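**Q** To start, I am sharing the structure in question, which I have written as structure tokens.
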Amino acid sequence: MNQNQNNPKRKQQINFVDEDGQNLNVADEPDKQSHYRRKKNKKELLLSETDTINTENLTQCLIVEVSRKNAKVLIEDDIKDCVIGGQFKEKTESLIATGDQVLVEKIDENNWVIRRILERKTKLSRPAAKGTKLSLVKEKVIAANIDVICIVVSTLKPAFKPALIDRFLLTAEKNGVSVIIIMNKMDLVDSPPKDIFEYEKLGIKVIYTIATEQKGIKEIKETLSNKIAVFTGHSGVGKSSILNAVSPELNLKTQDVGDGKHCWRHTTRKSTLYLMDNGGMIIDTPGIRELGVWDIKPEELSWYFPEFHEPAEQCKFSNCTHDHEPQCNVKDLVEAGQISSLRYNSYLRVFESLKEDQNKVY
């Protein structure tokens, strides 16, 4: 008797699916099966294999941290280590991210497998790092299913940099997520940097803090009650100090990068979710030096600058990009000081970068 006849893996039914998840009947066409497997090995993944899974035996839970092939999940009140099932197809965005809702299968008390990833409602993402050309992943999802993005900035050490805020606002507008700005280290200046007021004029909530003295922390707690918030910003702005002030039991580690009470840097390497005592959740992310804009056409960019919407109706051309066109009402209002030149210049920088990237082949 052939030993393979008793091998359960040989008997297991394999379903072939297309890129939309539709089953394909190729059981009697071994040439096609071999072709599909070759594509999978090349990571083209136009078609892939998936095991048939009984969803009745699966438990819904929350991803709190992700590594390459594993993830930590919150099941009831316990954290479990799970492996990521091999049935998933590679996609253009991260397969799994902190904040994802998933269905897991319990193999035994110590072994759990992620079998299903539920649809994301919202996300914070950036372009993936350039790697092998065979990889389909172009979008790195930093956090999923979030309600609010908390952009932490500092007055000094490091100095306030509005450009990153504008890119976060663009990403938030695109994904339907609200934003608050946390201006930390207020004790280092007599008054806030004047550019921060441009964001308050847009209706964005700004909370002024001195994390080391608990100032502004109560307002943060109240604002984030019963919400899932992602904290992000440049390294060194005091993000970890704020999180430790919001929830001291986190005891997040920092790294000394100089003299003085403000010269500390968070050593986070992965996005991690924490439960708060106010009913909310916080996703802490590594410090971000820059945030690339993902999946927006240059001509669509102005949609994500709300202050341009009404003025654009008076532009001569209905498809005006507010860059080079004559009789552009947006440019006229910038010159008149009625639209922030800070925001407009940020718009132009992103617009140029999108035009440069438009014809790139990854």
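The way I read the labels, and the way they are meant: chains A, B, ... in the order of the structure tokens, residue 1 as the first residue of every chain, and ligand 1 as the first ligand shown, with later ones counted on from there.
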Find the residues near Val113 of chain A: any atom within 8 Å, counting only C-alpha atoms, skip ones fewer than 4 places away on the same chain, and give them as a count of residues only.

**A** 8

**Q** Env of segment 331-336 of chain A: 9 Å cut, atoms = only C-alpha atoms, seq-sep filter 5 positions within chain, self excluded. Answer as a list of chain:residue names.

**A**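 Surrounding residues, per the criterion: A:Pro311, A:His322, A:Asp323, A:Ser341, A:Tyr344.
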
**Q** Using only C-alpha atoms for the distances, tell me which of A:Ile296, A:Lys355, A:Cys328, A:Leu342 is nearest to Lys194 of chain A.

**A**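 Counting only C-alpha atoms, the residue closest to Lys194 of chain A is A:Leu342.
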
**Q** May I have all residues of segment 139-236 of chain A that DSSP, computed from the backbone, assigns to helix (DSSP H, G or I), given as a ChimeraX atom specification?

**A** /A:162-175,186-188,196-201,211-213,217-223

**Q** Put those residues in a file: C-alpha atoms, as a short mmCIF file (atom, residue, chain, number, x, y, z; two decimals), in the first residue's frame.

**A**
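Just written: result_26.cif:
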data_model
loop_
_atom_site.label_atom_id
_atom_site.label_comp_id
_atom_site.auth_asym_id
_atom_site.auth_seq_id
_atom_site.Cartn_x
_atom_site.Cartn_y
_atom_site.Cartn_z
CA PRO A 162 4.06 71.04 10.66
CA ALA A 163 4.78 69.05 7.48
CA LEU A 164 4.27 65.70 9.19
CA ILE A 165 0.98 66.91 10.68
CA ASP A 166 -0.35 67.74 7.22
CA ARG A 167 0.44 64.25 5.96
CA PHE A 168 -1.29 62.68 8.95
CA LEU A 169 -4.31 64.92 8.38
CA LEU A 170 -4.40 63.82 4.76
CA THR A 171 -4.29 60.16 5.76
CA ALA A 172 -6.97 60.70 8.41
CA GLU A 173 -9.26 62.53 5.97
CA LYS A 174 -8.83 59.73 3.43
CA ASN A 175 -9.70 57.02 5.96
CA MET A 186 5.08 73.56 26.73
CA ASP A 187 7.43 74.40 29.61
CA LEU A 188 10.26 74.99 27.12
CA ILE A 196 -0.13 75.47 15.53
CA PHE A 197 -2.95 78.01 15.47
CA GLU A 198 -3.49 77.30 11.76
CA TYR A 199 -4.74 73.85 12.75
CA GLU A 200 -7.02 75.19 15.44
CA LYS A 201 -8.59 77.42 12.77
CA ALA A 211 3.88 65.30 30.34
CA THR A 212 6.49 65.37 33.10
CA GLU A 213 4.15 67.52 35.23
CA ILE A 217 -3.15 64.63 30.78
CA LYS A 218 -6.67 64.76 32.25
CA GLU A 219 -7.97 66.33 29.03
CA ILE A 220 -6.36 63.57 26.97
CA LYS A 221 -8.02 60.89 29.11
CA GLU A 222 -11.43 62.53 28.79
CA THR A 223 -11.07 63.00 25.03
#

**Q** In Å, rounded to a single decimal, give me how far atom CA of Tyr208 of chain A is from atom CA of Lys185 of chain A.

**A**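 So the two atoms, atom CA of Lys185 of chain A and atom CA of Tyr208 of chain A, lie 8.3 Å apart.
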
**Q** Can you pull out every residue within 9 Å of Ile204 of chain A, counting only C-alpha atoms, but drop anything in the same chain fewer than 6 positions away, and send it as an NGL selection string?

**A** :A and (178-181)

**Q** Could you please determine the separation between atom CA of Asp77 of chain A and atom CA of Asn57 of chain A in Å, to one decimal place?

**A** 19.3 Å
